[in-house]
file protein17.cif (mmCIF, N, CA and C atoms and all ligand atoms)
data_upload
#
loop_
_atom_site.label_atom_id
_atom_site.label_comp_id
_atom_site.auth_asym_id
_atom_site.auth_seq_id
_atom_site.Cartn_x
_atom_site.Cartn_y
_atom_site.Cartn_z
N MET V 801 -145.72 7.04 217.26
CA MET V 801 -145.77 6.59 218.65
C MET V 801 -146.09 5.10 218.70
N VAL V 802 -145.45 4.43 219.56
CA VAL V 802 -145.64 2.99 219.67
C VAL V 802 -146.71 2.71 220.72
N SER V 803 -147.59 1.81 220.38
CA SER V 803 -148.67 1.47 221.29
C SER V 803 -148.71 -0.03 221.51
N HIS V 804 -149.08 -0.42 222.69
CA HIS V 804 -149.25 -1.84 222.96
C HIS V 804 -150.57 -2.36 222.43
N ARG V 805 -151.48 -1.45 222.13
CA ARG V 805 -152.79 -1.89 221.66
C ARG V 805 -152.75 -2.11 220.17
N ALA V 806 -153.45 -3.12 219.71
CA ALA V 806 -153.60 -3.33 218.28
C ALA V 806 -154.45 -2.20 217.72
N ASN V 807 -154.06 -1.65 216.58
CA ASN V 807 -154.87 -0.60 215.99
C ASN V 807 -155.98 -1.19 215.12
N ALA V 808 -156.83 -0.30 214.61
CA ALA V 808 -158.02 -0.77 213.88
C ALA V 808 -157.63 -1.58 212.65
N ARG V 809 -156.58 -1.16 211.95
CA ARG V 809 -156.18 -1.88 210.76
C ARG V 809 -155.68 -3.28 211.10
N GLN V 810 -154.90 -3.37 212.16
CA GLN V 810 -154.41 -4.68 212.58
C GLN V 810 -155.57 -5.59 212.98
N LEU V 811 -156.54 -5.01 213.66
CA LEU V 811 -157.68 -5.81 214.07
C LEU V 811 -158.50 -6.25 212.86
N ALA V 812 -158.59 -5.38 211.85
CA ALA V 812 -159.33 -5.75 210.65
C ALA V 812 -158.67 -6.94 209.97
N VAL V 813 -157.35 -6.95 209.91
CA VAL V 813 -156.64 -8.09 209.33
C VAL V 813 -156.89 -9.34 210.16
N LEU V 814 -156.82 -9.16 211.45
CA LEU V 814 -157.03 -10.31 212.33
C LEU V 814 -158.43 -10.88 212.14
N LEU V 815 -159.41 -9.97 212.05
CA LEU V 815 -160.80 -10.42 211.96
C LEU V 815 -161.08 -11.11 210.62
N SER V 816 -160.20 -10.90 209.63
CA SER V 816 -160.39 -11.56 208.35
C SER V 816 -159.90 -13.01 208.39
N GLN V 817 -159.19 -13.36 209.44
CA GLN V 817 -158.70 -14.73 209.57
C GLN V 817 -159.82 -15.61 210.13
N PRO V 818 -159.70 -16.91 209.89
CA PRO V 818 -160.69 -17.81 210.48
C PRO V 818 -160.68 -17.67 212.00
N TYR V 819 -161.89 -17.67 212.56
CA TYR V 819 -161.97 -17.52 214.02
C TYR V 819 -161.78 -18.89 214.65
N GLU V 820 -160.51 -19.23 214.78
CA GLU V 820 -160.16 -20.53 215.32
C GLU V 820 -158.76 -20.42 215.91
N CYS V 821 -158.49 -21.17 216.95
CA CYS V 821 -157.15 -21.18 217.52
C CYS V 821 -156.15 -21.54 216.43
N GLU V 822 -155.07 -20.77 216.33
CA GLU V 822 -154.14 -20.99 215.23
C GLU V 822 -153.14 -22.11 215.50
N THR V 823 -153.17 -22.68 216.68
CA THR V 823 -152.23 -23.76 216.98
C THR V 823 -152.57 -25.00 216.17
N ASP V 824 -151.54 -25.55 215.50
CA ASP V 824 -151.72 -26.75 214.70
C ASP V 824 -152.23 -27.88 215.58
N GLY V 825 -153.32 -28.47 215.18
CA GLY V 825 -153.88 -29.57 215.94
C GLY V 825 -154.92 -29.15 216.97
N CYS V 826 -155.11 -27.85 217.12
CA CYS V 826 -156.11 -27.33 218.06
C CYS V 826 -157.18 -26.62 217.25
N ASN V 827 -158.41 -27.04 217.41
CA ASN V 827 -159.49 -26.45 216.62
C ASN V 827 -160.47 -25.68 217.49
N ALA V 828 -159.99 -25.19 218.62
CA ALA V 828 -160.88 -24.45 219.52
C ALA V 828 -161.44 -23.22 218.83
N ARG V 829 -162.72 -22.97 219.01
CA ARG V 829 -163.36 -21.81 218.42
C ARG V 829 -164.07 -20.97 219.46
N GLU V 830 -163.83 -21.27 220.71
CA GLU V 830 -164.48 -20.51 221.77
C GLU V 830 -163.40 -19.96 222.70
N HIS V 831 -163.74 -18.85 223.34
CA HIS V 831 -162.85 -18.22 224.31
C HIS V 831 -161.47 -17.91 223.72
N LEU V 832 -161.46 -17.49 222.47
CA LEU V 832 -160.18 -17.17 221.84
C LEU V 832 -159.66 -15.83 222.34
N GLN V 833 -158.36 -15.73 222.37
CA GLN V 833 -157.70 -14.51 222.81
C GLN V 833 -156.77 -14.05 221.70
N ILE V 834 -156.53 -12.75 221.66
CA ILE V 834 -155.60 -12.22 220.66
C ILE V 834 -154.19 -12.33 221.22
N ASP V 835 -153.35 -13.02 220.48
CA ASP V 835 -151.98 -13.24 220.92
C ASP V 835 -151.03 -12.42 220.06
N HIS V 836 -150.07 -11.80 220.71
CA HIS V 836 -148.98 -11.16 219.97
C HIS V 836 -147.94 -12.22 219.69
N ILE V 837 -147.75 -12.57 218.44
CA ILE V 837 -146.90 -13.70 218.10
C ILE V 837 -145.44 -13.41 218.45
N VAL V 838 -144.97 -12.21 218.17
CA VAL V 838 -143.65 -11.80 218.59
C VAL V 838 -143.82 -10.95 219.84
N GLU V 839 -143.20 -11.35 220.90
CA GLU V 839 -143.45 -10.69 222.15
C GLU V 839 -143.01 -9.24 222.11
N TYR V 840 -143.77 -8.43 222.77
CA TYR V 840 -143.65 -7.00 222.59
C TYR V 840 -142.26 -6.45 222.91
N GLY V 841 -141.68 -6.92 223.96
CA GLY V 841 -140.40 -6.38 224.36
C GLY V 841 -139.30 -6.63 223.34
N ARG V 842 -139.47 -7.70 222.58
CA ARG V 842 -138.46 -8.03 221.59
C ARG V 842 -138.72 -7.34 220.26
N SER V 843 -139.97 -7.25 219.87
CA SER V 843 -140.26 -6.74 218.53
C SER V 843 -140.29 -5.22 218.51
N LYS V 844 -140.59 -4.58 219.63
CA LYS V 844 -140.70 -3.12 219.75
C LYS V 844 -141.86 -2.53 218.96
N ARG V 845 -142.52 -3.34 218.18
CA ARG V 845 -143.67 -2.81 217.46
C ARG V 845 -144.64 -3.95 217.18
N THR V 846 -145.85 -3.58 216.87
CA THR V 846 -146.86 -4.56 216.58
C THR V 846 -147.20 -4.45 215.11
N CYS V 847 -147.26 -5.53 214.39
CA CYS V 847 -147.76 -5.46 213.03
C CYS V 847 -148.78 -6.57 212.84
N ALA V 848 -149.54 -6.44 211.75
CA ALA V 848 -150.72 -7.27 211.57
C ALA V 848 -150.38 -8.75 211.58
N THR V 849 -149.27 -9.11 210.98
CA THR V 849 -148.94 -10.52 210.88
C THR V 849 -148.53 -11.09 212.23
N GLN V 850 -148.38 -10.23 213.19
CA GLN V 850 -147.95 -10.70 214.50
C GLN V 850 -149.11 -10.87 215.47
N LEU V 851 -150.32 -10.74 214.96
CA LEU V 851 -151.47 -11.01 215.81
C LEU V 851 -152.11 -12.31 215.35
N GLY V 852 -152.54 -13.08 216.29
CA GLY V 852 -153.22 -14.32 215.93
C GLY V 852 -154.17 -14.72 217.06
N TYR V 853 -155.08 -15.61 216.73
CA TYR V 853 -155.99 -16.12 217.75
C TYR V 853 -155.37 -17.32 218.44
N LYS V 854 -155.51 -17.36 219.75
CA LYS V 854 -155.19 -18.57 220.48
C LYS V 854 -156.30 -18.82 221.48
N CYS V 855 -156.58 -20.07 221.71
CA CYS V 855 -157.55 -20.39 222.75
C CYS V 855 -156.87 -20.16 224.10
N ALA V 856 -157.66 -20.11 225.14
CA ALA V 856 -157.12 -19.81 226.46
C ALA V 856 -156.04 -20.81 226.86
N HIS V 857 -156.24 -22.07 226.49
CA HIS V 857 -155.28 -23.11 226.88
C HIS V 857 -153.94 -22.89 226.18
N CYS V 858 -153.95 -22.68 224.87
CA CYS V 858 -152.70 -22.50 224.14
C CYS V 858 -152.01 -21.20 224.57
N HIS V 859 -152.80 -20.17 224.80
CA HIS V 859 -152.22 -18.91 225.23
C HIS V 859 -151.56 -19.06 226.61
N TYR V 860 -152.20 -19.85 227.45
CA TYR V 860 -151.64 -20.11 228.78
C TYR V 860 -150.30 -20.84 228.67
N LEU V 861 -150.26 -21.86 227.82
CA LEU V 861 -149.00 -22.60 227.65
C LEU V 861 -147.88 -21.67 227.21
N LYS V 862 -148.20 -20.78 226.28
CA LYS V 862 -147.17 -19.88 225.76
C LYS V 862 -146.75 -18.85 226.81
N THR V 863 -147.73 -18.30 227.49
CA THR V 863 -147.45 -17.20 228.41
C THR V 863 -146.81 -17.67 229.71
N HIS V 864 -147.27 -18.81 230.21
CA HIS V 864 -146.83 -19.23 231.54
C HIS V 864 -145.96 -20.48 231.56
N LYS V 865 -145.97 -21.23 230.47
CA LYS V 865 -145.24 -22.50 230.46
C LYS V 865 -144.08 -22.51 229.47
N HIS V 866 -143.77 -21.35 228.92
CA HIS V 866 -142.58 -21.19 228.06
C HIS V 866 -142.67 -21.96 226.75
N TRP V 867 -143.89 -22.25 226.30
CA TRP V 867 -144.02 -22.80 224.96
C TRP V 867 -143.80 -21.66 223.98
N ARG V 868 -143.40 -22.01 222.76
CA ARG V 868 -143.08 -20.98 221.75
C ARG V 868 -143.86 -21.22 220.47
N ASP V 869 -144.06 -20.14 219.73
CA ASP V 869 -144.71 -20.25 218.43
C ASP V 869 -143.72 -20.77 217.40
N GLY V 870 -144.13 -21.72 216.62
CA GLY V 870 -143.35 -22.15 215.47
C GLY V 870 -143.72 -21.31 214.26
N PRO V 871 -143.04 -21.55 213.13
CA PRO V 871 -143.37 -20.81 211.91
C PRO V 871 -144.77 -21.13 211.43
N LYS V 872 -145.38 -20.13 210.80
CA LYS V 872 -146.76 -20.30 210.33
C LYS V 872 -146.79 -21.12 209.06
N HIS V 873 -147.69 -22.07 208.99
CA HIS V 873 -147.85 -22.91 207.81
C HIS V 873 -148.77 -22.22 206.82
N PRO V 874 -148.73 -22.67 205.55
CA PRO V 874 -149.62 -22.07 204.53
C PRO V 874 -151.10 -22.15 204.90
N ASN V 875 -151.47 -23.11 205.69
CA ASN V 875 -152.88 -23.23 206.08
C ASN V 875 -153.25 -22.30 207.22
N GLY V 876 -152.29 -21.46 207.65
CA GLY V 876 -152.58 -20.48 208.69
C GLY V 876 -152.36 -20.98 210.10
N LYS V 877 -152.02 -22.25 210.21
CA LYS V 877 -151.77 -22.82 211.53
C LYS V 877 -150.29 -22.77 211.85
N ARG V 878 -149.95 -22.80 213.11
CA ARG V 878 -148.55 -22.89 213.50
C ARG V 878 -148.43 -23.85 214.67
N LYS V 879 -147.28 -24.50 214.72
CA LYS V 879 -147.03 -25.42 215.83
C LYS V 879 -146.72 -24.64 217.09
N LEU V 880 -147.13 -25.18 218.21
CA LEU V 880 -146.74 -24.64 219.49
C LEU V 880 -145.66 -25.60 220.03
N ILE V 881 -144.48 -25.04 220.25
CA ILE V 881 -143.32 -25.87 220.55
C ILE V 881 -143.09 -25.92 222.06
N PRO V 882 -143.04 -27.10 222.63
CA PRO V 882 -142.84 -27.21 224.07
C PRO V 882 -141.46 -26.71 224.48
N PRO V 883 -141.29 -26.34 225.76
CA PRO V 883 -139.98 -25.94 226.23
C PRO V 883 -138.99 -27.09 226.14
N ASN V 884 -137.70 -26.76 226.03
CA ASN V 884 -136.64 -27.76 225.95
C ASN V 884 -136.75 -28.63 224.70
N HIS V 885 -137.37 -28.08 223.69
CA HIS V 885 -137.51 -28.80 222.43
C HIS V 885 -136.65 -28.06 221.41
N PRO V 886 -135.89 -28.76 220.58
CA PRO V 886 -135.06 -28.05 219.60
C PRO V 886 -135.92 -27.22 218.66
N PRO V 887 -135.45 -26.04 218.29
CA PRO V 887 -136.24 -25.17 217.41
C PRO V 887 -136.42 -25.81 216.04
N PRO V 888 -137.53 -25.51 215.37
CA PRO V 888 -137.75 -26.03 214.02
C PRO V 888 -136.79 -25.36 213.06
N THR V 889 -136.60 -25.96 211.91
CA THR V 889 -135.77 -25.32 210.90
C THR V 889 -136.46 -24.02 210.48
N ALA V 890 -135.74 -22.95 210.54
CA ALA V 890 -136.32 -21.63 210.26
C ALA V 890 -136.68 -21.52 208.78
N PRO V 891 -137.84 -20.92 208.47
CA PRO V 891 -138.23 -20.76 207.06
C PRO V 891 -137.49 -19.62 206.40
N GLY V 892 -136.68 -18.89 207.13
CA GLY V 892 -135.97 -17.74 206.57
C GLY V 892 -135.94 -16.64 207.61
N PRO V 893 -135.38 -15.51 207.23
CA PRO V 893 -135.33 -14.40 208.19
C PRO V 893 -136.74 -13.95 208.55
N GLY V 894 -136.91 -13.52 209.76
CA GLY V 894 -138.22 -13.11 210.23
C GLY V 894 -138.70 -11.84 209.55
N PRO V 895 -139.93 -11.44 209.84
CA PRO V 895 -140.49 -10.24 209.22
C PRO V 895 -139.78 -8.96 209.67
ZN ZN T 1 -155.63 -23.80 221.14
#
call {"tool": "encode", "arguments": {"input": "protein17.cif", "output": "structure tokens"}}
result
Amino acid sequence: MVSHRANARQLAVLLSQPYECETDGCNAREHLQIDHIVEYGRSKRTCATQLGYKCAHCHYLKTHKHWRDGPKHPNGKRKLIPPNHPPPTAPGPGP
């Protein structure tokens, strides 16, 4: 059964990550929210790598201002791409 809620295992993976906004250049550590990196309607499922922390500001930009997640960097950060901006070169097929 598919659920919109993150399960315990997914949350455990998430909690093992640094508690910091994952947006590159943003080091917010307060008022973080759990973000589904691939939006639910498109992915049809939730997996651990698709959860990340975002601060309220970055989450707002993504949810209401049409900003998009870029590919995740080795340091765990990802760029937040403004609307009307050409997509970054893809690192390969998605998960
Ligand atoms: Zn942020």
call {"tool": "residues_near_ligand", "arguments": {"input": "protein17.cif", "ligand": "ligand ZN 1 (chain T)", "cutoff": "8 Å", "atoms": "all atoms listed in the file", "output": "list in words"}}
result
Glu820, Cys821, Glu822, Thr823, Asp824, Gly825, Cys826, Asn827, Ala828, Arg829, Tyr853, Lys854, Cys855, Ala856, His857, Cys858 and His859 of chain V
call {"tool": "write_last_selection", "arguments": {"input": "protein17.cif", "atoms": "N, CA and C atoms", "output": "PDB file, in the coordinates of the input"}}
result
ATOM      1  N   GLU V 820    -160.510 -19.230 214.780  1.00  0.00           N
ATOM      2  CA  GLU V 820    -160.160 -20.530 215.320  1.00  0.00           C
ATOM      3  C   GLU V 820    -158.760 -20.420 215.910  1.00  0.00           C
ATOM      4  N   CYS V 821    -158.490 -21.170 216.950  1.00  0.00           N
ATOM      5  CA  CYS V 821    -157.150 -21.180 217.520  1.00  0.00           C
ATOM      6  C   CYS V 821    -156.150 -21.540 216.430  1.00  0.00           C
ATOM      7  N   GLU V 822    -155.070 -20.770 216.330  1.00  0.00           N
ATOM      8  CA  GLU V 822    -154.140 -20.990 215.230  1.00  0.00           C
ATOM      9  C   GLU V 822    -153.140 -22.110 215.500  1.00  0.00           C
ATOM     10  N   THR V 823    -153.170 -22.680 216.680  1.00  0.00           N
ATOM     11  CA  THR V 823    -152.230 -23.760 216.980  1.00  0.00           C
ATOM     12  C   THR V 823    -152.570 -25.000 216.170  1.00  0.00           C
ATOM     13  N   ASP V 824    -151.540 -25.550 215.500  1.00  0.00           N
ATOM     14  CA  ASP V 824    -151.720 -26.750 214.700  1.00  0.00           C
ATOM     15  C   ASP V 824    -152.230 -27.880 215.580  1.00  0.00           C
ATOM     16  N   GLY V 825    -153.320 -28.470 215.180  1.00  0.00           N
ATOM     17  CA  GLY V 825    -153.880 -29.570 215.940  1.00  0.00           C
ATOM     18  C   GLY V 825    -154.920 -29.150 216.970  1.00  0.00           C
ATOM     19  N   CYS V 826    -155.110 -27.850 217.120  1.00  0.00           N
ATOM     20  CA  CYS V 826    -156.110 -27.330 218.060  1.00  0.00           C
ATOM     21  C   CYS V 826    -157.180 -26.620 217.250  1.00  0.00           C
ATOM     22  N   ASN V 827    -158.410 -27.040 217.410  1.00  0.00           N
ATOM     23  CA  ASN V 827    -159.490 -26.450 216.620  1.00  0.00           C
ATOM     24  C   ASN V 827    -160.470 -25.680 217.490  1.00  0.00           C
ATOM     25  N   ALA V 828    -159.990 -25.190 218.620  1.00  0.00           N
ATOM     26  CA  ALA V 828    -160.880 -24.450 219.520  1.00  0.00           C
ATOM     27  C   ALA V 828    -161.440 -23.220 218.830  1.00  0.00           C
ATOM     28  N   ARG V 829    -162.720 -22.970 219.010  1.00  0.00           N
ATOM     29  CA  ARG V 829    -163.360 -21.810 218.420  1.00  0.00           C
ATOM     30  C   ARG V 829    -164.070 -20.970 219.460  1.00  0.00           C
ATOM     31  N   TYR V 853    -155.080 -15.610 216.730  1.00  0.00           N
ATOM     32  CA  TYR V 853    -155.990 -16.120 217.750  1.00  0.00           C
ATOM     33  C   TYR V 853    -155.370 -17.320 218.440  1.00  0.00           C
ATOM     34  N   LYS V 854    -155.510 -17.360 219.750  1.00  0.00           N
ATOM     35  CA  LYS V 854    -155.190 -18.570 220.480  1.00  0.00           C
ATOM     36  C   LYS V 854    -156.300 -18.820 221.480  1.00  0.00           C
ATOM     37  N   CYS V 855    -156.580 -20.070 221.710  1.00  0.00           N
ATOM     38  CA  CYS V 855    -157.550 -20.390 222.750  1.00  0.00           C
ATOM     39  C   CYS V 855    -156.870 -20.160 224.100  1.00  0.00           C
ATOM     40  N   ALA V 856    -157.660 -20.110 225.140  1.00  0.00           N
ATOM     41  CA  ALA V 856    -157.120 -19.810 226.460  1.00  0.00           C
ATOM     42  C   ALA V 856    -156.040 -20.810 226.860  1.00  0.00           C
ATOM     43  N   HIS V 857    -156.240 -22.070 226.490  1.00  0.00           N
ATOM     44  CA  HIS V 857    -155.280 -23.110 226.880  1.00  0.00           C
ATOM     45  C   HIS V 857    -153.940 -22.890 226.180  1.00  0.00           C
ATOM     46  N   CYS V 858    -153.950 -22.680 224.870  1.00  0.00           N
ATOM     47  CA  CYS V 858    -152.700 -22.500 224.140  1.00  0.00           C
ATOM     48  C   CYS V 858    -152.010 -21.200 224.570  1.00  0.00           C
ATOM     49  N   HIS V 859    -152.800 -20.170 224.800  1.00  0.00           N
ATOM     50  CA  HIS V 859    -152.220 -18.910 225.230  1.00  0.00           C
ATOM     51  C   HIS V 859    -151.560 -19.060 226.610  1.00  0.00           C
TER      52      HIS V 859
END
call {"tool": "closest_residue", "arguments": {"input": "protein17.cif", "among": "V:Arg805, V:Lys872, V:His864, V:His836", "to": "Leu851 in chain V", "atoms": "all atoms listed in the file"}}
result
V:His836
call {"tool": "atom_distance", "arguments": {"input": "protein17.cif", "atom1": "CA of Gln850 in chain V", "atom2": "CA of Ile834 in chain V"}}
result
9.9 Å
call {"tool": "atom_distance", "arguments": {"input": "protein17.cif", "atom1": "CA of Gly870 in chain V", "atom2": "CA of Pro883 in chain V"}}
result
11.9 Å
call {"tool": "atom_distance", "arguments": {"input": "protein17.cif", "atom1": "CA of Val813 in chain V", "atom2": "CA of Pro871 in chain V"}}
result
18.6 Å
call {"tool": "closest_residue", "arguments": {"input": "protein17.cif", "among": "V:Glu830, V:Lys862, V:Leu815, V:Arg868", "to": "Ile881 in chain V", "atoms": "only N, CA and C atoms"}}
result
V:Arg868
